[in-house]
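Structure file target-v1.pdb (PDB, C-alpha atoms) is printed below.
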ATOM      1  CA  MET A   1     222.888  -0.852  39.912
ATOM      2  CA  THR A   2     224.061  -1.944  43.304
ATOM      3  CA  SER A   3     222.460  -0.218  46.207
ATOM      4  CA  ILE A   4     224.424   0.698  49.300
ATOM      5  CA  ASN A   5     222.781   0.518  52.657
ATOM      6  CA  TRP A   6     223.960   3.842  54.075
ATOM      7  CA  PHE A   7     222.452   3.167  57.479
ATOM      8  CA  ARG A   8     225.037   0.446  57.856
ATOM      9  CA  TYR A   9     227.614   3.189  58.364
ATOM     10  CA  ALA A  10     225.645   4.779  61.188
ATOM     11  CA  SER A  11     227.082   2.055  63.376
ATOM     12  CA  PRO A  12     230.661   2.561  64.621
ATOM     13  CA  VAL A  13     231.602  -1.037  63.823
ATOM     14  CA  SER A  14     231.111  -0.662  60.067
ATOM     15  CA  PHE A  15     232.115   2.990  60.002
ATOM     16  CA  PHE A  16     235.528   2.397  61.572
ATOM     17  CA  PRO A  17     237.315   0.772  58.582
ATOM     18  CA  LEU A  18     235.544   3.093  56.116
ATOM     19  CA  ALA A  19     236.791   6.130  58.073
ATOM     20  CA  ARG A  20     240.389   4.994  57.664
ATOM     21  CA  ARG A  21     240.137   4.633  53.897
ATOM     22  CA  LEU A  22     238.411   8.011  53.565
ATOM     23  CA  ALA A  23     240.969   9.727  55.808
ATOM     24  CA  VAL A  24     243.868   8.478  53.679
ATOM     25  CA  GLY A  25     242.202   9.661  50.462
ATOM     26  CA  PHE A  26     241.190  13.076  51.765
ATOM     27  CA  GLY A  27     244.584  13.581  53.413
ATOM     28  CA  ALA A  28     246.431  12.914  50.147
ATOM     29  CA  ALA A  29     244.055  15.193  48.219
ATOM     30  CA  ALA A  30     244.515  17.945  50.825
ATOM     31  CA  ALA A  31     248.308  17.797  50.539
ATOM     32  CA  MET A  32     248.148  17.955  46.757
ATOM     33  CA  LEU A  33     245.700  20.864  46.715
ATOM     34  CA  ALA A  34     247.724  22.753  49.329
ATOM     35  CA  ALA A  35     250.857  22.385  47.180
ATOM     36  CA  ILE A  36     249.012  23.724  44.135
ATOM     37  CA  GLY A  37     247.366  26.488  46.145
ATOM     38  CA  LEU A  38     250.653  27.610  47.720
ATOM     39  CA  TRP A  39     252.350  27.636  44.349
ATOM     40  CA  LEU A  40     249.552  29.733  42.827
ATOM     41  CA  GLY A  41     249.346  32.030  45.846
ATOM     42  CA  LEU A  42     253.043  32.610  46.480
ATOM     43  CA  PHE A  43     254.581  32.352  43.003
ATOM     44  CA  VAL A  44     251.968  32.833  40.288
ATOM     45  CA  ALA A  45     249.693  35.519  41.732
ATOM     46  CA  PRO A  46     251.170  39.027  41.372
ATOM     47  CA  ALA A  47     251.583  41.507  44.227
ATOM     48  CA  ASP A  48     248.482  43.512  45.091
ATOM     49  CA  ALA A  49     248.326  47.035  43.679
ATOM     50  CA  GLN A  50     247.535  48.607  47.080
ATOM     51  CA  GLN A  51     248.836  46.163  49.669
ATOM     52  CA  GLY A  52     251.955  44.846  47.965
ATOM     53  CA  GLU A  53     252.969  41.380  49.157
ATOM     54  CA  ALA A  54     251.185  41.597  52.526
ATOM     55  CA  TYR A  55     247.888  40.590  50.932
ATOM     56  CA  ARG A  56     249.209  37.021  50.424
ATOM     57  CA  ILE A  57     248.016  36.276  53.961
ATOM     58  CA  ILE A  58     244.558  36.115  52.348
ATOM     59  CA  PHE A  59     245.302  32.608  51.015
ATOM     60  CA  ILE A  60     245.361  31.321  54.580
ATOM     61  CA  HIS A  61     243.165  33.810  56.384
ATOM     62  CA  VAL A  62     240.010  33.508  54.296
ATOM     63  CA  PRO A  63     239.986  29.675  53.991
ATOM     64  CA  ALA A  64     240.648  29.388  57.749
ATOM     65  CA  ALA A  65     237.874  31.853  58.572
ATOM     66  CA  TRP A  66     235.416  30.042  56.299
ATOM     67  CA  MET A  67     236.361  26.710  57.854
ATOM     68  CA  SER A  68     236.010  28.070  61.388
ATOM     69  CA  MET A  69     232.334  28.797  60.709
ATOM     70  CA  PHE A  70     231.627  25.843  58.456
ATOM     71  CA  VAL A  71     233.090  23.301  60.883
ATOM     72  CA  TYR A  72     230.954  24.800  63.651
ATOM     73  CA  ALA A  73     227.825  24.468  61.500
ATOM     74  CA  VAL A  74     228.629  20.817  60.726
ATOM     75  CA  MET A  75     229.426  20.140  64.388
ATOM     76  CA  ALA A  76     226.117  21.664  65.454
ATOM     77  CA  ALA A  77     224.292  19.571  62.833
ATOM     78  CA  TRP A  78     225.846  16.376  64.237
ATOM     79  CA  CYS A  79     224.865  17.571  67.730
ATOM     80  CA  ALA A  80     221.270  18.044  66.572
ATOM     81  CA  ILE A  81     221.234  14.544  65.044
ATOM     82  CA  SER A  82     222.720  13.018  68.183
ATOM     83  CA  LEU A  83     220.090  14.710  70.341
ATOM     84  CA  ALA A  84     217.171  13.888  68.060
ATOM     85  CA  PHE A  85     218.004  10.240  67.359
ATOM     86  CA  ASN A  86     220.195   9.460  70.370
ATOM     87  CA  ALA A  87     222.865   8.443  67.846
ATOM     88  CA  ARG A  88     226.238   7.907  69.443
ATOM     89  CA  LEU A  89     228.289   8.033  66.245
ATOM     90  CA  ALA A  90     226.833  11.475  65.479
ATOM     91  CA  ALA A  91     227.920  12.654  68.913
ATOM     92  CA  MET A  92     231.393  11.247  68.321
ATOM     93  CA  MET A  93     231.604  13.124  65.007
ATOM     94  CA  ALA A  94     230.764  16.379  66.782
ATOM     95  CA  GLN A  95     233.350  15.605  69.448
ATOM     96  CA  ALA A  96     235.942  14.912  66.738
ATOM     97  CA  LEU A  97     235.219  18.161  64.842
ATOM     98  CA  ALA A  98     235.576  20.561  67.771
ATOM     99  CA  PRO A  99     239.407  20.680  68.088
ATOM    100  CA  THR A 100     239.852  21.163  64.328
ATOM    101  CA  GLY A 101     237.237  23.921  64.319
ATOM    102  CA  ALA A 102     239.003  25.627  67.207
ATOM    103  CA  LEU A 103     242.299  25.323  65.350
ATOM    104  CA  PHE A 104     240.942  27.007  62.216
ATOM    105  CA  THR A 105     239.405  29.746  64.359
ATOM    106  CA  ALA A 106     242.761  30.359  66.040
ATOM    107  CA  ILE A 107     244.484  30.450  62.641
ATOM    108  CA  ALA A 108     241.895  32.919  61.309
ATOM    109  CA  LEU A 109     242.421  35.203  64.310
ATOM    110  CA  TRP A 110     246.218  34.921  64.227
ATOM    111  CA  THR A 111     246.591  35.535  60.483
ATOM    112  CA  GLY A 112     244.008  38.302  60.743
ATOM    113  CA  ALA A 113     246.106  40.057  63.377
ATOM    114  CA  LEU A 114     249.253  39.743  61.269
ATOM    115  CA  TRP A 115     247.388  41.113  58.281
ATOM    116  CA  GLY A 116     245.657  43.856  60.247
ATOM    117  CA  ARG A 117     248.936  45.399  61.363
ATOM    118  CA  PRO A 118     250.260  46.254  57.866
ATOM    119  CA  ALA A 119     246.779  46.903  56.407
ATOM    120  CA  TRP A 120     245.124  48.945  59.178
ATOM    121  CA  GLY A 121     247.988  49.735  61.549
ATOM    122  CA  THR A 122     246.720  47.545  64.385
ATOM    123  CA  TYR A 123     246.881  43.856  65.297
ATOM    124  CA  TRP A 124     243.542  43.885  67.031
ATOM    125  CA  ALA A 125     240.416  45.984  67.378
ATOM    126  CA  TRP A 126     237.235  45.184  69.240
ATOM    127  CA  ASP A 127     235.146  45.460  66.121
ATOM    128  CA  ALA A 128     232.131  43.227  65.518
ATOM    129  CA  ARG A 129     233.770  40.803  63.086
ATOM    130  CA  MET A 130     236.846  40.156  65.211
ATOM    131  CA  THR A 131     234.993  40.035  68.511
ATOM    132  CA  SER A 132     232.371  37.567  67.230
ATOM    133  CA  GLU A 133     235.143  35.377  65.760
ATOM    134  CA  LEU A 134     236.837  35.418  69.184
ATOM    135  CA  VAL A 135     233.506  34.392  70.728
ATOM    136  CA  LEU A 136     233.475  31.473  68.272
ATOM    137  CA  LEU A 137     236.863  30.341  69.615
ATOM    138  CA  PHE A 138     235.490  30.459  73.163
ATOM    139  CA  LEU A 139     232.412  28.478  72.055
ATOM    140  CA  TYR A 140     234.698  25.724  70.761
ATOM    141  CA  PHE A 141     236.717  25.826  74.012
ATOM    142  CA  GLY A 142     233.507  25.757  76.045
ATOM    143  CA  TYR A 143     232.183  22.779  74.098
ATOM    144  CA  ILE A 144     235.445  20.835  74.551
ATOM    145  CA  ALA A 145     235.748  21.742  78.240
ATOM    146  CA  LEU A 146     232.150  20.813  79.004
ATOM    147  CA  HIS A 147     232.521  17.470  77.252
ATOM    148  CA  HIS A 148     235.677  16.783  79.258
ATOM    149  CA  ALA A 149     234.069  17.818  82.523
ATOM    150  CA  ILE A 150     231.308  15.188  82.462
ATOM    151  CA  ASP A 151     232.431  11.624  83.067
ATOM    152  CA  GLU A 152     229.496   9.751  81.608
ATOM    153  CA  PRO A 153     229.978  10.002  77.807
ATOM    154  CA  ARG A 154     226.306  10.093  76.777
ATOM    155  CA  ARG A 155     225.514  12.788  79.337
ATOM    156  CA  ALA A 156     228.569  14.724  78.152
ATOM    157  CA  ASP A 157     227.274  14.388  74.571
ATOM    158  CA  ARG A 158     223.871  15.769  75.473
ATOM    159  CA  ALA A 159     225.072  18.685  77.587
ATOM    160  CA  SER A 160     227.725  19.817  75.112
ATOM    161  CA  ALA A 161     225.301  19.363  72.192
ATOM    162  CA  VAL A 162     222.927  21.844  73.809
ATOM    163  CA  LEU A 163     225.795  24.309  74.267
ATOM    164  CA  ALA A 164     226.865  23.878  70.618
ATOM    165  CA  LEU A 165     223.307  24.419  69.372
ATOM    166  CA  VAL A 166     222.831  27.576  71.423
ATOM    167  CA  GLY A 167     226.143  28.851  70.025
ATOM    168  CA  VAL A 168     224.869  28.564  66.455
ATOM    169  CA  VAL A 169     223.333  32.011  66.916
ATOM    170  CA  ASN A 170     226.886  33.388  66.706
ATOM    171  CA  LEU A 171     227.383  32.192  63.109
ATOM    172  CA  PRO A 172     225.075  34.686  61.375
ATOM    173  CA  ILE A 173     226.461  37.356  63.693
ATOM    174  CA  ILE A 174     229.985  36.663  62.415
ATOM    175  CA  TYR A 175     228.870  36.429  58.805
ATOM    176  CA  PHE A 176     226.723  39.561  58.708
ATOM    177  CA  SER A 177     228.762  41.600  61.219
ATOM    178  CA  VAL A 178     230.471  43.515  58.417
ATOM    179  CA  MET A 179     227.057  44.602  57.126
ATOM    180  CA  TRP A 180     225.241  45.178  60.404
ATOM    181  CA  TRP A 181     227.948  47.214  62.060
ATOM    182  CA  ASN A 182     230.490  49.711  60.871
ATOM    183  CA  THR A 183     233.554  47.505  61.204
ATOM    184  CA  LEU A 184     237.235  48.008  60.625
ATOM    185  CA  HIS A 185     237.133  44.641  58.897
ATOM    186  CA  GLN A 186     236.252  44.894  55.236
ATOM    187  CA  GLY A 187     233.105  43.410  53.726
ATOM    188  CA  ALA A 188     232.959  40.146  51.823
ATOM    189  CA  SER A 189     235.237  40.006  48.774
ATOM    190  CA  VAL A 190     233.523  36.919  47.435
ATOM    191  CA  SER A 191     229.825  36.129  47.430
ATOM    192  CA  LEU A 192     227.485  33.859  45.562
ATOM    193  CA  THR A 193     225.338  36.722  44.311
ATOM    194  CA  ALA A 194     227.901  39.204  42.992
ATOM    195  CA  ALA A 195     231.022  39.056  40.859
ATOM    196  CA  PRO A 196     234.136  38.607  43.029
ATOM    197  CA  ARG A 197     236.058  41.798  43.702
ATOM    198  CA  MET A 198     239.477  40.295  43.118
ATOM    199  CA  ALA A 199     241.649  39.115  40.246
ATOM    200  CA  ALA A 200     240.904  35.672  38.815
ATOM    201  CA  ILE A 201     244.288  34.165  39.725
ATOM    202  CA  MET A 202     243.996  35.367  43.337
ATOM    203  CA  LEU A 203     240.478  33.992  43.570
ATOM    204  CA  THR A 204     241.591  30.658  42.105
ATOM    205  CA  ALA A 205     244.462  30.335  44.605
ATOM    206  CA  MET A 206     242.108  31.161  47.469
ATOM    207  CA  LEU A 207     239.518  28.614  46.371
ATOM    208  CA  VAL A 208     242.150  25.882  45.917
ATOM    209  CA  MET A 209     243.463  26.619  49.426
ATOM    210  CA  SER A 210     239.901  26.492  50.754
ATOM    211  CA  LEU A 211     239.346  23.097  49.193
ATOM    212  CA  ALA A 212     242.648  21.918  50.708
ATOM    213  CA  ALA A 213     241.515  23.150  54.132
ATOM    214  CA  TRP A 214     238.222  21.342  53.675
ATOM    215  CA  PHE A 215     239.858  18.038  52.815
ATOM    216  CA  TYR A 216     242.390  18.466  55.615
ATOM    217  CA  ALA A 217     239.575  18.962  58.114
ATOM    218  CA  ILE A 218     237.780  15.852  56.837
ATOM    219  CA  ALA A 219     240.927  13.705  57.027
ATOM    220  CA  VAL A 220     241.899  14.856  60.519
ATOM    221  CA  THR A 221     238.360  14.581  61.851
ATOM    222  CA  LEU A 222     237.920  11.057  60.516
ATOM    223  CA  THR A 223     241.199  10.006  62.118
ATOM    224  CA  ARG A 224     240.209  11.616  65.414
ATOM    225  CA  VAL A 225     236.789   9.989  65.345
ATOM    226  CA  ARG A 226     238.483   6.592  64.983
ATOM    227  CA  ALA A 227     240.464   7.283  68.143
ATOM    228  CA  ILE A 228     237.275   8.393  69.899
ATOM    229  CA  ILE A 229     235.443   5.249  68.782
ATOM    230  CA  LEU A 230     238.217   3.096  70.245
ATOM    231  CA  GLU A 231     238.309   5.121  73.452
ATOM    232  CA  ARG A 232     234.577   4.968  73.981
ATOM    233  CA  GLU A 233     233.719   1.510  72.676
ATOM    234  CA  ARG A 234     236.657  -0.175  74.318
ATOM    235  CA  ARG A 235     234.427  -2.642  76.086
ATOM    236  CA  ALA A 236     232.636  -3.790  72.928
ATOM    237  CA  ALA A 237     233.824  -7.121  71.571
ATOM    238  CA  TRP A 238     234.225  -5.841  68.004
ATOM    239  CA  VAL A 239     236.799  -3.286  69.100
ATOM    240  CA  ALA A 240     239.023  -5.963  70.576
ATOM    241  CA  ASP A 241     238.764  -8.030  67.386
ATOM    242  CA  LEU A 242     239.497  -5.017  65.251
ATOM    243  CA  ALA A 243     242.444  -3.794  67.286
ATOM    244  CA  GLY A 244     243.913  -7.265  67.214
ATOM    245  CA  ALA A 245     243.490  -7.901  63.498
ATOM    246  CA  ALA A 246     243.377  -4.968  61.082
ATOM    247  CA  ARG A 247     245.329  -1.762  61.366
TER     248      ARG A 247
ATOM    249  CA  MET B   1     262.386  36.959  41.551
ATOM    250  CA  ASN B   2     265.408  35.746  43.529
ATOM    251  CA  VAL B   3     265.404  33.904  46.830
ATOM    252  CA  PRO B   4     266.146  36.725  49.349
ATOM    253  CA  GLU B   5     263.597  38.900  47.587
ATOM    254  CA  PHE B   6     261.031  36.141  47.889
ATOM    255  CA  PHE B   7     261.568  35.808  51.622
ATOM    256  CA  ALA B   8     261.552  39.569  52.131
ATOM    257  CA  MET B   9     257.999  39.722  50.706
ATOM    258  CA  GLY B  10     258.459  43.373  49.807
ATOM    259  CA  GLY B  11     259.170  44.275  53.441
ATOM    260  CA  TYR B  12     256.180  42.336  54.767
ATOM    261  CA  GLY B  13     258.143  39.126  55.424
ATOM    262  CA  PHE B  14     257.464  39.193  59.175
ATOM    263  CA  TYR B  15     253.707  39.313  58.680
ATOM    264  CA  VAL B  16     253.429  36.935  55.730
ATOM    265  CA  TRP B  17     255.796  34.295  57.102
ATOM    266  CA  GLY B  18     254.450  34.756  60.599
ATOM    267  CA  ALA B  19     251.038  33.809  59.222
ATOM    268  CA  TYR B  20     252.191  30.934  57.013
ATOM    269  CA  GLY B  21     254.718  29.609  59.559
ATOM    270  CA  ALA B  22     252.310  29.538  62.501
ATOM    271  CA  THR B  23     249.648  27.872  60.367
ATOM    272  CA  ALA B  24     252.061  25.180  59.158
ATOM    273  CA  LEU B  25     253.258  24.576  62.715
ATOM    274  CA  LEU B  26     249.720  24.274  64.101
ATOM    275  CA  LEU B  27     248.683  21.834  61.372
ATOM    276  CA  VAL B  28     251.767  19.660  61.921
ATOM    277  CA  VAL B  29     251.118  19.633  65.663
ATOM    278  CA  GLU B  30     247.455  18.695  65.158
ATOM    279  CA  VAL B  31     248.258  15.837  62.778
ATOM    280  CA  ALA B  32     250.912  14.495  65.169
ATOM    281  CA  ALA B  33     248.544  14.793  68.142
ATOM    282  CA  VAL B  34     245.703  13.002  66.352
ATOM    283  CA  ARG B  35     248.004  10.189  65.243
ATOM    284  CA  ALA B  36     249.376   9.811  68.768
ATOM    285  CA  ARG B  37     245.841   9.706  70.159
ATOM    286  CA  LEU B  38     244.839   6.968  67.730
ATOM    287  CA  ARG B  39     247.978   4.961  68.563
ATOM    288  CA  ALA B  40     247.327   5.310  72.284
ATOM    289  CA  ALA B  41     243.685   4.293  71.883
ATOM    290  CA  ARG B  42     244.750   1.273  69.892
ATOM    291  CA  ARG B  43     247.373   0.253  72.465
ATOM    292  CA  ALA B  44     244.896   0.611  75.302
ATOM    293  CA  THR B  45     242.403  -1.580  73.453
ATOM    294  CA  ARG B  46     244.900  -4.284  72.585
ATOM    295  CA  GLY B  47     246.640  -4.161  75.936
ATOM    296  CA  GLY B  48     243.452  -5.081  77.745
ATOM    297  CA  GLY B  49     242.115  -1.611  78.498
ATOM    298  CA  ASP B  50     240.531  -1.282  81.895
ATOM    299  CA  GLU B  51     238.814  -4.603  82.304
ATOM    300  CA  ARG B  52     240.586  -7.145  80.254
TER     301      ARG B  52
END

Now that the file is in, can you turn its structure into structure tokens?
Amino acid sequence: MTSINWFRYASPVSFFPLARRLAVGFGAAAAMLAAIGLWLGLFVAPADAQQGEAYRIIFIHVPAAWMSMFVYAVMAAWCAISLAFNARLAAMMAQALAPTGALFTAIALWTGALWGRPAWGTYWAWDARMTSELVLLFLYFGYIALHHAIDEPRRADRASAVLALVGVVNLPIIYFSVMWWNTLHQGASVSLTAAPRMAAIMLTAMLVMSLAAWFYAIAVTLTRVRAIILERERRAAWVADLAGAAR
Amino acid sequence: MNVPEFFAMGGYGFYVWGAYGATALLLVVEVAAVRARLRAARRATRGGGDER
């Protein structure tokens, strides 16, 4: 059995080419899964008994909402690692995740509004679930803005990492909001502890779309982190070699 | 199911396609932006950056 020295990839110089290969693979897998998921969700799954065709927004809304929280959790974990070990690649990963997390949050809010109108008669309500999801969007914006505002990259990493870690408190608020408060938003349709309250084909389409969203986020983040590595390590000799030789 | 029926989405076409369309647009824009950023970073590195 060959052993891989994983710590090797904690350094940007060895991580850079690996990130490209991974991004290509995850990107292709995401496109394939999205095609399957869209086919299942739009053509195979039947109309909902109560909501008719409007429910099909679920195949985007739920994966996007899951990703909005999951990406934040991963970003905060990288922030914690970067603070604890002063690891610059970890900080770059967090920096690379933020825009994609914000994007999924915006998609969750947008599709939620377009679903809320036919389902509840309103695009928006200041209920706990929606408000805390909006706060999540502002946390992403705050993180990005703070990182931009500080010129020295390592100081920017530290300051924005603290902000991201404080914001983690919002995640359980979003997740449990439908239980803690009486919200317009419905409770969880899928959980690990109970049988899902939806038809198998609908659940399958939703899970395939979620996996596609996951792989998409990985591919985009890895590509963005490569750009960030080049931007920040421009002065290092290996970057010049790399930019000259390999693509 | 025929084509116009499919796009009508049982009268919910505006909401369903508004959700799917905006999502597709945002993803395309993000992918293009990330690629452009990587290209620019690469050019800046090759082209001497700030001190070469």

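If you measure from each of A:Trp110, A:Tyr9, A:Tyr140, A:Trp214 to chain B using all atoms listed in the file, the closest one turns out to be A:Trp110.
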
Just the number, please: distance in Å from CA of Glu53 in chain A to CA of Met9 in chain B, one decimal.
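For CA of Glu53 in chain A relative to CA of Met9 in chain B, the distance reads 5.5 Å.
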
What are the centre and the three edge lengths of an axis-aligned box that wraps all atoms of range 14-18 of chain B in the file, given that 5 Å is added to every side, written as AutoDock Vina command-line options and rounded to one decimal in Å?
--center_x 255.4 --center_y 36.8 --center_z 58.2 --size_x 14.0 --size_y 15.0 --size_z 14.9

Separation of CA of Ala212 in chain A and CA of Asn2 in chain B, in Å?
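CA of Asn2 in chain B lies 27.6 Å from CA of Ala212 in chain A.
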
On this structure, the PyMOL selection byres ((chain A and resi 69) around 9) would catch which residues? List them as JSON, numbers by chain, sorted by chain and number.
{"A": [64, 65, 66, 67, 68, 70, 71, 72, 73, 74, 101, 104, 105, 133, 136, 171, 174, 175]}

Please report, as a Markdown table, each residue of chain B lying at most 9 Å from chain A, together with the nearest pair of atoms and the separation in Å rounded to one decimal; use all atoms listed in the file, and order rows by chain and ascending residue number.
| residue | atom | partner | partner_atom | distance |
| --- | --- | --- | --- | --- |
| B:Phe6 | CA | A:Leu42 | CA | 8.8 |
| B:Met9 | CA | A:Glu53 | CA | 5.5 |
| B:Gly10 | CA | A:Glu53 | CA | 5.9 |
| B:Gly11 | CA | A:Glu53 | CA | 8.1 |
| B:Tyr12 | CA | A:Ala54 | CA | 5.5 |
| B:Gly13 | CA | A:Ala54 | CA | 7.9 |
| B:Phe14 | CA | A:Leu114 | CA | 8.5 |
| B:Tyr15 | CA | A:Leu114 | CA | 5.2 |
| B:Val16 | CA | A:Ile57 | CA | 5.7 |
| B:Trp17 | CA | A:Ile57 | CA | 8.6 |
| B:Gly18 | CA | A:Leu114 | CA | 7.2 |
| B:Ala19 | CA | A:Thr111 | CA | 4.9 |
| B:Tyr20 | CA | A:Ile60 | CA | 7.3 |
| B:Ala22 | CA | A:Ile107 | CA | 7.9 |
| B:Thr23 | CA | A:Ile107 | CA | 6.2 |
| B:Leu26 | CA | A:Leu103 | CA | 7.6 |
| B:Leu27 | CA | A:Leu103 | CA | 8.3 |
| B:Glu30 | CA | A:Thr100 | CA | 8.0 |
| B:Val31 | CA | A:Val220 | CA | 6.8 |
| B:Val34 | CA | A:Arg224 | CA | 5.7 |
| B:Arg35 | CA | A:Thr223 | CA | 7.5 |
| B:Arg37 | CA | A:Ala227 | CA | 6.2 |
| B:Leu38 | CA | A:Ala227 | CA | 4.4 |
| B:Arg39 | CA | A:Ala227 | CA | 7.9 |
| B:Ala40 | CA | A:Ala227 | CA | 8.3 |
| B:Ala41 | CA | A:Glu231 | CA | 5.7 |
| B:Arg42 | CA | A:Ala243 | CA | 6.1 |
| B:Arg43 | CA | A:Ala243 | CA | 8.2 |
| B:Ala44 | CA | A:Glu231 | CA | 8.2 |
| B:Thr45 | CA | A:Arg234 | CA | 6.0 |
| B:Arg46 | CA | A:Ala243 | CA | 5.9 |
| B:Gly48 | CA | A:Ala240 | CA | 8.5 |
| B:Gly49 | CA | A:Arg234 | CA | 7.0 |
| B:Asp50 | CA | A:Arg235 | CA | 8.5 |
| B:Glu51 | CA | A:Arg235 | CA | 7.9 |
| B:Arg52 | CA | A:Arg235 | CA | 8.7 |

Could you write out the selected residues, including C-alpha atoms, as a PDB file, keeping the file's coordinate frame?
ATOM      1  CA  PHE B   6     261.031  36.141  47.889  1.00  0.00           C
ATOM      2  CA  MET B   9     257.999  39.722  50.706  1.00  0.00           C
ATOM      3  CA  GLY B  10     258.459  43.373  49.807  1.00  0.00           C
ATOM      4  CA  GLY B  11     259.170  44.275  53.441  1.00  0.00           C
ATOM      5  CA  TYR B  12     256.180  42.336  54.767  1.00  0.00           C
ATOM      6  CA  GLY B  13     258.143  39.126  55.424  1.00  0.00           C
ATOM      7  CA  PHE B  14     257.464  39.193  59.175  1.00  0.00           C
ATOM      8  CA  TYR B  15     253.707  39.313  58.680  1.00  0.00           C
ATOM      9  CA  VAL B  16     253.429  36.935  55.730  1.00  0.00           C
ATOM     10  CA  TRP B  17     255.796  34.295  57.102  1.00  0.00           C
ATOM     11  CA  GLY B  18     254.450  34.756  60.599  1.00  0.00           C
ATOM     12  CA  ALA B  19     251.038  33.809  59.222  1.00  0.00           C
ATOM     13  CA  TYR B  20     252.191  30.934  57.013  1.00  0.00           C
ATOM     14  CA  ALA B  22     252.310  29.538  62.501  1.00  0.00           C
ATOM     15  CA  THR B  23     249.648  27.872  60.367  1.00  0.00           C
ATOM     16  CA  LEU B  26     249.720  24.274  64.101  1.00  0.00           C
ATOM     17  CA  LEU B  27     248.683  21.834  61.372  1.00  0.00           C
ATOM     18  CA  GLU B  30     247.455  18.695  65.158  1.00  0.00           C
ATOM     19  CA  VAL B  31     248.258  15.837  62.778  1.00  0.00           C
ATOM     20  CA  VAL B  34     245.703  13.002  66.352  1.00  0.00           C
ATOM     21  CA  ARG B  35     248.004  10.189  65.243  1.00  0.00           C
ATOM     22  CA  ARG B  37     245.841   9.706  70.159  1.00  0.00           C
ATOM     23  CA  LEU B  38     244.839   6.968  67.730  1.00  0.00           C
ATOM     24  CA  ARG B  39     247.978   4.961  68.563  1.00  0.00           C
ATOM     25  CA  ALA B  40     247.327   5.310  72.284  1.00  0.00           C
ATOM     26  CA  ALA B  41     243.685   4.293  71.883  1.00  0.00           C
ATOM     27  CA  ARG B  42     244.750   1.273  69.892  1.00  0.00           C
ATOM     28  CA  ARG B  43     247.373   0.253  72.465  1.00  0.00           C
ATOM     29  CA  ALA B  44     244.896   0.611  75.302  1.00  0.00           C
ATOM     30  CA  THR B  45     242.403  -1.580  73.453  1.00  0.00           C
ATOM     31  CA  ARG B  46     244.900  -4.284  72.585  1.00  0.00           C
ATOM     32  CA  GLY B  48     243.452  -5.081  77.745  1.00  0.00           C
ATOM     33  CA  GLY B  49     242.115  -1.611  78.498  1.00  0.00           C
ATOM     34  CA  ASP B  50     240.531  -1.282  81.895  1.00  0.00           C
ATOM     35  CA  GLU B  51     238.814  -4.603  82.304  1.00  0.00           C
ATOM     36  CA  ARG B  52     240.586  -7.145  80.254  1.00  0.00           C
TER      37      ARG B  52
END

Quick one: pull the distance between CA of Val24 in chain A and CA of Ala32 in chain B, Å, one decimal.
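Straight-line distance from CA of Val24 in chain A to CA of Ala32 in chain B works out to 14.8 Å.
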
Could you please give me, as a ChimeraX atom specification, the residues of protein, DNA or RNA lying at most 7 Å from (238.6, 37.6, 47.7) in the coordinate frame of the file, considering all atoms listed in the file?
/A:189-190,196-198,203

Any chance you could work out the residue set of the PyMOL selection byres ((chain A and resi 80-88) around 9) here, as a VMD selection string?
chain A and resid 10 to 12 75 to 79 89 to 94 154 157 to 158 161 to 162 165
